[in-house]
file protein.txt (compact mmCIF, C-alpha atoms)
# COMPACT_ATOMS: atom_id res chain seq x y z
CA MET A 27 28.28 69.27 -92.86
CA ALA A 28 28.27 66.62 -90.14
CA PRO A 29 30.66 63.66 -90.60
CA LEU A 30 27.77 61.22 -90.72
CA LEU A 31 25.97 63.12 -93.48
CA MET A 32 29.20 63.51 -95.46
CA GLN A 33 29.67 59.75 -95.32
CA LEU A 34 26.12 59.18 -96.51
CA MET A 35 26.51 61.51 -99.47
CA THR A 36 29.62 59.54 -100.44
CA LEU A 37 27.76 56.30 -99.83
CA SER A 38 24.93 57.34 -102.19
CA LEU A 39 27.32 58.08 -105.02
CA ILE A 40 29.09 54.76 -104.46
CA VAL A 41 25.79 52.86 -104.51
CA VAL A 42 24.90 54.58 -107.80
CA SER A 43 28.19 53.50 -109.34
CA GLY A 44 27.77 49.95 -108.09
CA TRP A 45 30.81 49.85 -105.76
CA PRO A 46 30.59 48.75 -102.13
CA SER A 47 30.96 51.49 -99.50
CA PRO A 48 34.54 51.93 -98.18
CA ILE A 49 33.06 53.14 -94.89
CA TYR A 50 30.68 50.29 -94.19
CA ALA A 51 32.31 47.57 -96.25
CA LYS A 52 31.86 44.80 -93.71
CA GLN A 53 30.04 41.49 -93.87
CA SER A 54 26.97 41.79 -96.08
CA GLY A 55 25.24 38.84 -94.53
CA LEU A 56 24.97 38.64 -90.74
CA ALA A 57 24.67 35.49 -88.69
CA PRO A 58 21.16 34.80 -87.32
CA ALA A 59 22.37 35.43 -83.76
CA ARG A 60 23.76 38.83 -84.77
CA ASN A 61 20.52 39.73 -86.56
CA LYS A 62 18.59 38.75 -83.45
CA GLN A 63 20.86 40.92 -81.33
CA ILE A 64 20.38 43.89 -83.67
CA THR A 65 16.60 43.44 -83.66
CA GLN A 66 16.59 43.35 -79.87
CA THR A 67 18.71 46.54 -79.71
CA LEU A 68 16.20 48.39 -81.90
CA LYS A 69 13.29 47.14 -79.78
CA SER A 70 15.02 48.12 -76.54
CA PHE A 71 15.82 51.60 -77.84
CA ASP A 72 12.24 52.08 -79.01
CA ALA A 73 10.87 50.93 -75.64
CA CYS A 74 13.27 53.26 -73.83
CA ARG A 75 12.10 56.29 -75.82
CA LYS A 76 8.43 55.37 -75.50
CA GLU A 77 8.77 55.11 -71.74
CA ALA A 78 10.26 58.64 -71.62
CA ILE A 79 7.47 59.99 -73.84
CA THR A 80 4.79 58.30 -71.72
CA LEU A 81 6.14 59.84 -68.51
CA LEU A 82 6.22 63.27 -70.18
CA LYS A 83 2.61 62.96 -71.37
CA GLN A 84 1.48 61.81 -67.95
CA GLY A 85 3.13 64.83 -66.36
CA THR A 86 5.31 62.56 -64.25
CA THR A 87 8.43 64.21 -65.62
CA GLY A 88 9.31 67.67 -66.94
CA LYS A 89 10.93 68.62 -70.24
CA LEU A 90 14.44 68.72 -68.79
CA ASP A 91 14.05 65.27 -67.26
CA PHE A 92 12.55 64.03 -70.53
CA THR A 93 15.55 65.31 -72.48
CA ALA A 94 17.88 63.61 -70.00
CA ALA A 95 15.93 60.37 -70.32
CA VAL A 96 16.13 60.41 -74.13
CA SER A 97 19.87 61.16 -73.93
CA ALA A 98 20.24 58.15 -71.64
CA CYS A 99 18.50 56.00 -74.27
CA LYS A 100 20.95 57.23 -76.92
CA GLU A 101 23.93 56.41 -74.71
CA THR A 102 22.62 52.98 -73.78
CA TYR A 103 21.65 51.96 -77.32
CA PRO A 104 23.85 54.15 -79.55
CA GLY A 105 23.70 51.80 -82.53
CA ALA A 106 19.93 52.16 -82.74
CA ASP A 107 20.13 55.94 -82.45
CA LEU A 108 22.82 56.13 -85.15
CA TYR A 109 20.86 53.75 -87.36
CA ILE A 110 17.69 55.85 -87.20
CA THR A 111 19.61 59.07 -87.89
CA CYS A 112 21.51 57.40 -90.71
CA LYS A 113 18.28 55.98 -92.16
CA LYS A 114 16.62 59.41 -92.34
CA GLN A 115 19.65 60.99 -93.99
CA ALA A 116 20.20 58.04 -96.31
CA MET A 117 16.64 58.23 -97.60
CA GLN A 118 17.09 61.91 -98.37
CA ALA A 119 20.46 61.28 -99.99
CA ALA A 120 18.97 58.47 -102.07
CA LEU A 121 16.12 60.73 -103.14
CA ASN A 122 18.59 63.37 -104.28
CA ALA A 123 20.64 60.76 -106.16
CA ARG A 124 17.48 59.16 -107.59
CA ILE A 125 18.24 55.66 -106.37
CA ALA A 126 16.19 53.14 -104.40
CA PRO A 127 16.19 54.17 -100.72
CA ASP A 128 16.57 50.55 -99.58
CA GLN A 129 20.03 50.37 -101.15
CA ALA A 130 21.29 53.21 -98.97
CA VAL A 131 19.26 52.35 -95.85
CA ASN A 132 20.60 48.80 -95.72
CA GLN A 133 24.10 50.21 -95.32
CA CYS A 134 22.96 51.99 -92.15
CA ARG A 135 22.60 48.64 -90.41
CA GLN A 136 26.38 48.56 -90.23
CA TYR A 137 26.15 51.16 -87.48
CA LEU A 138 24.34 48.55 -85.42
CA VAL A 139 27.20 46.14 -86.08
CA ALA A 140 29.93 48.72 -85.44
CA THR A 141 28.47 49.67 -82.05
CA THR A 142 28.10 46.08 -80.85
CA PHE A 143 30.82 44.52 -78.72
CA LEU A 144 32.53 41.86 -80.81
CA PRO A 145 35.14 39.89 -78.82
CA ASN A 146 37.06 38.94 -81.98
CA GLN A 147 37.51 42.56 -83.13
CA PRO A 148 40.71 44.22 -81.77
CA PHE A 149 39.40 47.78 -82.01
CA PRO A 150 36.33 48.33 -79.78
CA LEU A 151 35.77 51.98 -80.75
CA LEU A 152 33.65 53.94 -83.21
CA VAL A 153 34.28 57.69 -83.49
CA ASP A 154 31.92 59.94 -85.46
CA GLY A 155 33.10 63.54 -85.27
CA GLU A 156 33.13 64.47 -81.57
CA LEU A 157 30.98 61.48 -80.62
CA ALA A 158 32.58 58.26 -79.42
CA TYR A 159 31.24 54.76 -78.78
CA PHE A 160 32.99 51.96 -76.94
CA ALA A 161 32.07 48.27 -76.91
CA GLY A 162 28.45 49.06 -77.74
CA ILE A 163 27.76 52.03 -75.42
CA GLY A 164 28.11 55.80 -75.71
CA LEU A 165 30.82 57.97 -74.18
CA ASN A 166 29.16 61.30 -74.78
CA ARG A 167 26.27 62.53 -72.62
CA THR A 168 25.69 63.22 -68.94
CA ARG A 169 22.81 61.18 -67.60
CA PRO A 170 20.94 60.55 -64.33
CA ALA A 171 22.80 57.97 -62.28
CA ALA A 172 19.56 56.02 -61.85
CA SER A 173 19.34 55.53 -65.64
CA LEU A 174 22.77 53.92 -65.96
CA ALA A 175 21.97 50.52 -67.45
CA THR A 176 24.73 49.58 -69.87
CA PRO A 177 24.41 46.36 -71.91
CA ASN A 178 27.18 43.84 -71.12
CA PHE A 179 28.64 46.02 -68.33
CA ASP A 180 28.32 45.82 -64.55
CA CYS A 181 28.15 49.25 -62.86
CA HIS A 182 27.94 48.29 -59.18
CA LYS A 183 31.12 50.30 -58.41
CA ILE A 184 29.31 53.50 -59.41
CA LYS A 185 26.32 52.66 -57.24
CA GLU A 186 28.68 52.11 -54.30
CA ALA A 187 30.83 55.22 -54.87
CA LEU A 188 28.15 57.83 -55.62
CA PRO A 189 26.73 57.99 -52.07
CA ASN A 190 30.23 57.66 -50.56
CA ILE A 191 32.41 59.75 -52.84
CA LYS A 192 35.61 58.92 -50.94
CA ARG A 193 35.34 55.43 -52.44
CA ALA A 194 35.65 56.87 -55.95
CA ASP A 195 38.74 56.70 -58.13
CA TYR A 196 40.79 59.86 -58.55
CA SER A 197 43.09 59.29 -61.48
CA LEU A 198 44.09 59.72 -65.12
CA ILE A 199 44.02 63.47 -65.96
CA GLY A 200 44.35 66.26 -63.41
CA ASN A 201 44.07 70.02 -63.76
CA HIS A 202 44.97 73.02 -61.66
CA PRO A 203 41.76 74.24 -59.92
CA GLN A 204 42.06 77.69 -61.50
CA LEU A 205 41.55 76.27 -64.99
CA PHE A 206 37.82 76.00 -64.29
CA SER A 207 35.06 78.59 -64.53
CA GLY A 208 34.94 81.16 -61.76
CA LEU A 209 38.25 80.20 -60.17
CA ALA A 210 40.73 81.63 -62.70
CA GLU A 211 40.88 85.18 -61.31
CA LEU A 212 41.06 84.29 -57.63
CA LYS A 213 44.14 85.18 -55.64
CA ALA A 214 45.82 82.43 -53.62
CA ALA A 215 44.09 83.26 -50.33
CA ASP A 216 40.69 83.61 -52.01
CA LEU A 217 41.17 80.28 -53.79
CA LEU A 218 41.81 78.52 -50.48
CA THR A 219 38.70 80.16 -49.04
CA THR A 220 36.56 79.12 -52.02
CA LEU A 221 37.85 75.56 -51.75
CA LYS A 222 37.06 75.72 -48.02
CA LEU A 223 40.64 74.86 -47.14
CA LYS A 224 42.73 76.01 -44.26
CA LYS A 225 46.44 76.30 -44.89
CA PRO A 226 47.25 72.79 -46.18
CA THR A 227 49.95 70.77 -44.45
CA LYS A 228 52.79 69.27 -46.47
CA GLU A 229 51.59 65.78 -45.60
CA GLY A 230 48.03 66.58 -46.61
CA ILE A 231 48.79 68.07 -49.99
CA LYS A 232 51.10 65.18 -50.84
CA GLU A 233 48.55 62.47 -50.01
CA GLY A 234 45.61 64.45 -51.36
CA ILE A 235 42.91 66.54 -49.70
CA ASP A 236 39.23 65.94 -50.43
CA VAL A 237 37.43 69.17 -51.32
CA ALA A 238 33.71 68.66 -50.70
CA GLY A 239 31.68 69.01 -53.90
CA PHE A 240 34.76 69.32 -56.08
CA GLY A 241 37.51 66.70 -56.07
CA ARG A 242 40.77 65.52 -54.56
CA LEU A 243 43.54 68.12 -54.48
CA PHE A 244 47.24 67.28 -54.55
CA TYR A 245 50.08 69.70 -53.77
CA ASP A 246 49.80 73.37 -52.96
CA PRO A 247 46.97 75.17 -54.85
CA LYS A 248 48.94 78.42 -54.54
CA LYS A 249 51.53 76.98 -56.92
CA PRO A 250 50.10 76.67 -60.44
CA GLU A 251 53.02 74.55 -61.61
CA SER A 252 52.29 71.77 -59.13
CA ALA A 253 48.73 71.77 -57.75
CA THR A 254 46.40 69.27 -59.38
CA VAL A 255 42.79 68.32 -58.75
CA TYR A 256 41.26 65.02 -59.84
CA PHE A 257 37.52 64.49 -60.00
CA PRO A 258 35.66 61.49 -58.57
CA ALA A 259 35.02 58.68 -61.02
CA ALA A 260 34.04 55.02 -60.98
CA ALA A 261 33.96 52.22 -63.51
CA CYS A 262 31.52 49.96 -65.26
CA ASP A 263 33.32 46.69 -66.08
CA LEU A 264 32.57 44.24 -68.87
CA GLN A 265 30.69 41.31 -67.38
CA VAL A 266 30.51 39.03 -70.45
CA GLU A 267 33.29 36.80 -71.73
CA PRO A 268 35.88 39.16 -73.29
CA GLY A 269 37.18 36.57 -75.76
CA PRO A 270 40.72 35.80 -76.98
CA ILE A 271 41.92 39.40 -77.52
CA TYR A 272 40.93 41.28 -74.35
CA SER A 273 41.58 40.61 -70.70
CA GLY A 274 38.95 43.21 -69.76
CA LEU A 275 37.16 46.41 -70.76
CA SER A 276 35.90 49.28 -68.58
CA THR A 277 34.20 52.62 -68.96
CA TYR A 278 34.70 55.33 -66.32
CA TYR A 279 32.14 57.96 -65.38
CA LEU A 280 32.63 61.22 -63.48
CA LEU A 281 30.38 61.28 -60.42
CA ASP A 282 28.30 64.32 -59.51
CA GLN A 283 27.04 63.44 -56.05
CA ALA A 284 24.96 66.61 -55.59
CA GLY A 285 23.26 66.29 -58.97
CA SER A 286 23.02 62.47 -58.88
CA THR A 287 24.39 62.31 -62.42
CA VAL A 288 27.21 60.48 -64.17
CA THR A 289 29.28 61.79 -67.08
CA PRO A 290 31.26 59.53 -69.46
CA TYR A 291 34.96 60.18 -68.93
CA PHE A 292 37.14 57.49 -70.48
CA ALA A 293 37.13 53.91 -71.71
CA ILE A 294 39.95 51.43 -71.40
CA ALA A 295 40.53 48.12 -73.18
CA TYR A 296 43.14 45.74 -71.76
CA TYR A 297 44.79 43.37 -74.25
CA ARG A 298 46.03 39.89 -73.56
CA LYS A 299 49.77 39.70 -73.89
CA ASP A 300 49.56 36.59 -76.07
CA GLN A 301 46.89 37.89 -78.47
CA LYS A 302 47.89 38.00 -82.15
CA ALA A 303 45.08 40.10 -83.58
CA VAL A 304 46.79 43.49 -83.38
CA THR A 305 50.24 44.94 -82.72
CA THR A 306 50.99 48.16 -80.84
CA ASN A 307 51.87 50.04 -84.04
CA LYS A 308 48.75 48.82 -85.82
CA LEU A 309 46.58 49.87 -82.88
CA ILE A 310 48.15 53.34 -82.92
CA GLN A 311 47.35 53.61 -86.64
CA LYS A 312 43.76 52.46 -86.10
CA LEU A 313 43.13 54.95 -83.31
CA ASN A 314 44.76 57.82 -85.21
CA LEU A 315 42.63 57.02 -88.28
CA ALA A 316 39.46 56.82 -86.17
CA LEU A 317 40.09 60.17 -84.46
CA GLY A 318 40.81 62.00 -87.71
CA SER A 319 43.52 63.62 -89.78
CA GLU A 320 43.79 66.64 -87.46
CA PHE A 321 45.03 64.39 -84.64
CA LYS A 322 48.75 63.81 -84.21
CA VAL A 323 50.78 61.00 -82.68
CA PHE A 324 53.11 61.85 -79.78
CA HIS A 325 55.44 59.14 -78.50
CA ARG A 326 55.98 59.96 -74.83
CA ASN A 327 58.53 57.18 -74.43
CA ASP A 328 59.14 53.67 -75.78
CA SER A 329 55.92 52.29 -74.31
CA VAL A 330 53.48 55.25 -74.09
CA THR A 331 51.87 56.98 -77.07
CA PHE A 332 49.40 59.89 -77.01
CA ILE A 333 47.10 60.74 -79.91
CA ALA A 334 45.88 64.29 -79.52
CA ALA A 335 44.71 67.36 -81.41
CA ASP A 336 47.54 69.48 -80.04
CA THR A 337 50.92 69.16 -78.34
CA LEU A 338 50.87 67.72 -74.82
CA SER A 339 53.39 69.80 -72.91
CA GLU A 340 52.57 68.86 -69.30
CA THR A 341 52.43 65.46 -67.62
CA ASP A 342 52.12 64.26 -64.04
CA ASP A 343 54.34 61.92 -62.03
CA GLU A 344 52.78 58.90 -63.74
CA HIS A 345 53.39 60.36 -67.22
CA ASP A 346 49.70 61.00 -67.79
CA PRO A 347 48.75 64.33 -69.41
CA LYS A 348 47.61 67.12 -67.12
CA ASN A 349 46.10 70.62 -67.42
CA LEU A 350 44.28 69.73 -70.65
CA CYS A 351 41.47 72.08 -69.57
CA ARG A 352 43.70 75.11 -70.07
CA GLN A 353 42.08 77.60 -72.44
CA PRO A 354 41.52 77.60 -75.39
CA ARG A 355 40.95 73.87 -74.76
CA PRO A 356 41.90 72.35 -78.12
CA HIS A 357 41.35 68.81 -76.89
CA GLN A 358 37.95 67.14 -77.35
CA LEU A 359 39.11 63.54 -77.31
CA LEU A 360 42.45 62.03 -76.33
CA GLY A 361 43.86 58.61 -77.12
CA ILE A 362 46.51 56.82 -75.06
CA ILE A 363 48.16 53.51 -75.94
CA GLN A 364 50.47 51.70 -73.53
CA ALA A 365 52.64 48.85 -74.79
CA HIS A 366 53.95 46.05 -72.61
CA LYS A 367 57.31 47.31 -71.38
CA ASP A 368 58.95 43.92 -71.80
CA LYS A 369 57.33 43.34 -75.21
CA LEU A 370 56.81 46.68 -76.93
CA SER A 371 55.24 45.15 -80.04
CA GLN A 372 52.22 44.08 -77.96
CA PRO A 373 49.69 46.62 -76.63
CA GLU A 374 48.87 46.48 -72.95
CA TYR A 375 45.89 48.85 -73.05
CA LEU A 376 44.09 51.49 -75.09
CA ILE A 377 42.37 54.53 -73.54
CA LEU A 378 40.01 57.00 -75.14
CA ALA A 379 39.25 59.99 -72.89
CA ASN A 380 36.47 62.53 -73.43
CA ILE A 381 38.35 65.69 -72.43
CA LYS A 382 35.45 67.97 -73.35
CA ASN A 383 33.27 66.18 -70.79
CA LEU A 384 36.03 66.35 -68.18
CA CYS A 385 36.48 70.12 -68.54
CA GLU A 386 32.76 70.91 -68.62
CA PHE A 387 32.25 68.71 -65.56
CA GLY A 388 34.93 70.69 -63.73
CA ASP A 389 33.28 73.95 -64.77
CA ARG A 390 29.95 72.83 -63.30
CA LEU A 391 31.48 71.85 -59.97
CA ALA A 392 33.58 75.02 -59.79
CA LYS A 393 30.56 77.26 -60.38
CA ARG A 394 28.78 75.64 -57.43
CA LEU A 395 31.68 76.51 -55.19

call {"tool": "encode", "arguments": {"input": "protein.txt", "output": "structure tokens"}}
result
Amino acid sequence: MAPLLMQLMTLSLIVVSGWPSPIYAKQSGLAPARNKQITQTLKSFDACRKEAITLLKQGTTGKLDFTAAVSACKETYPGADLYITCKKQAMQAALNARIAPDQAVNQCRQYLVATTFLPNQPFPLLVDGELAYFAGIGLNRTRPAASLATPNFDCHKIKEALPNIKRADYSLIGNHPQLFSGLAELKAADLLTTLKLKKPTKEGIKEGIDVAGFGRLFYDPKKPESATVYFPAAACDLQVEPGPIYSGLSTYYLLDQAGSTVTPYFAIAYYRKDQKAVTTNKLIQKLNLALGSEFKVFHRNDSVTFIAADTLSETDDEHDPKNLCRQPRPHQLLGIIQAHKDKLSQPEYLILANIKNLCEFGDRLAKRL
């Protein structure tokens, strides 16, 4: 049973007994401005879907493009999508429990609140199973680059980097090239040929070599213990006032130049050093709780903490995890929390990375090679 439906079944029983939901126990009355914002989100999501349906009916777009367009709507307005799904399931759950549907449906509006960026809330994430939402937008589905319109975020860096991939960022989590589909069984010489590389120079492999249509390769690909490829990515940055807790928020997307698509990769929230809303330990607890009981906390050192589904045995020179795409690929999502080194009780930033997207993105690029 999906996490969302399990929550709703619990919710229905709680409504019957007269207790407030422990899952959605937030403010029961919303400020007029918040209600207006929620109403606008629902209208925007509805208009987005209707536009996709109209283009399909007119024959302007095919079924695959239609599916991509609807996915883009869900990523842009995730609260509305979750609300509609929740509403359908809540009505069925209420019917089974023989209670008034409105009692259960009203609770679904909390999804619209939970997926809205609130500058006074120190935890900008909502995780539902394998799906993640950050500051009001989705971190789940690949979408056409042209459809990237994220509320409250400015994505001009993506528009600049996609046509000129050398301007992209190559960072966070790297993998050996042979961890991706079609490359695993290649011998060293064949791997170099597939990557269209001559014998790399020591200077080149240290500084990084751009492999057209794939990524940026560091160190010798013939040495599995050292070679690492990073894929091109670029950020959308929060463009509204971040408030008293955050100094900034960004979401990073993997860039597929040939396919003109973007794939959500990771989100990062930077915390003001003087904020008093959350401590490092409390943030670790919140993220661990959000990801689920199967996730474990790994303290890399005094200031860096990983929250992962399995042990992280390999890291790069910057202490970031690497080779997370190694089979059987236990990682779907990964959390990283960095504390200020001179004030460990205060978080410097929080990262949530979609490792499943990263590995599948690498598979797609490798297959093209």

call {"tool": "residues_around", "arguments": {"input": "protein.txt", "residues": "region 378-387 of chain A", "least_positions_apart": "3", "cutoff": "8 Å", "atoms": "all atoms listed in the file", "output": "ChimeraX atom specification"}}
result
/A:165-166,206,280,289-294,350-351,357-362,390-391

call {"tool": "atom_distance", "arguments": {"input": "protein.txt", "atom1": "CA of Gly239 (chain A)", "atom2": "CA of Asp216 (chain A)"}}
result
17.3 Å

call {"tool": "closest_residue", "arguments": {"input": "protein.txt", "among": "A:Leu198, A:Lys232, A:Ser339, A:Gln265", "to": "Ile377 (chain A)", "atoms": "all atoms listed in the file"}}
result
A:Leu198

call {"tool": "atom_distance", "arguments": {"input": "protein.txt", "atom1": "CA of Thr219 (chain A)", "atom2": "CA of Gly241 (chain A)"}}
result
15.2 Å
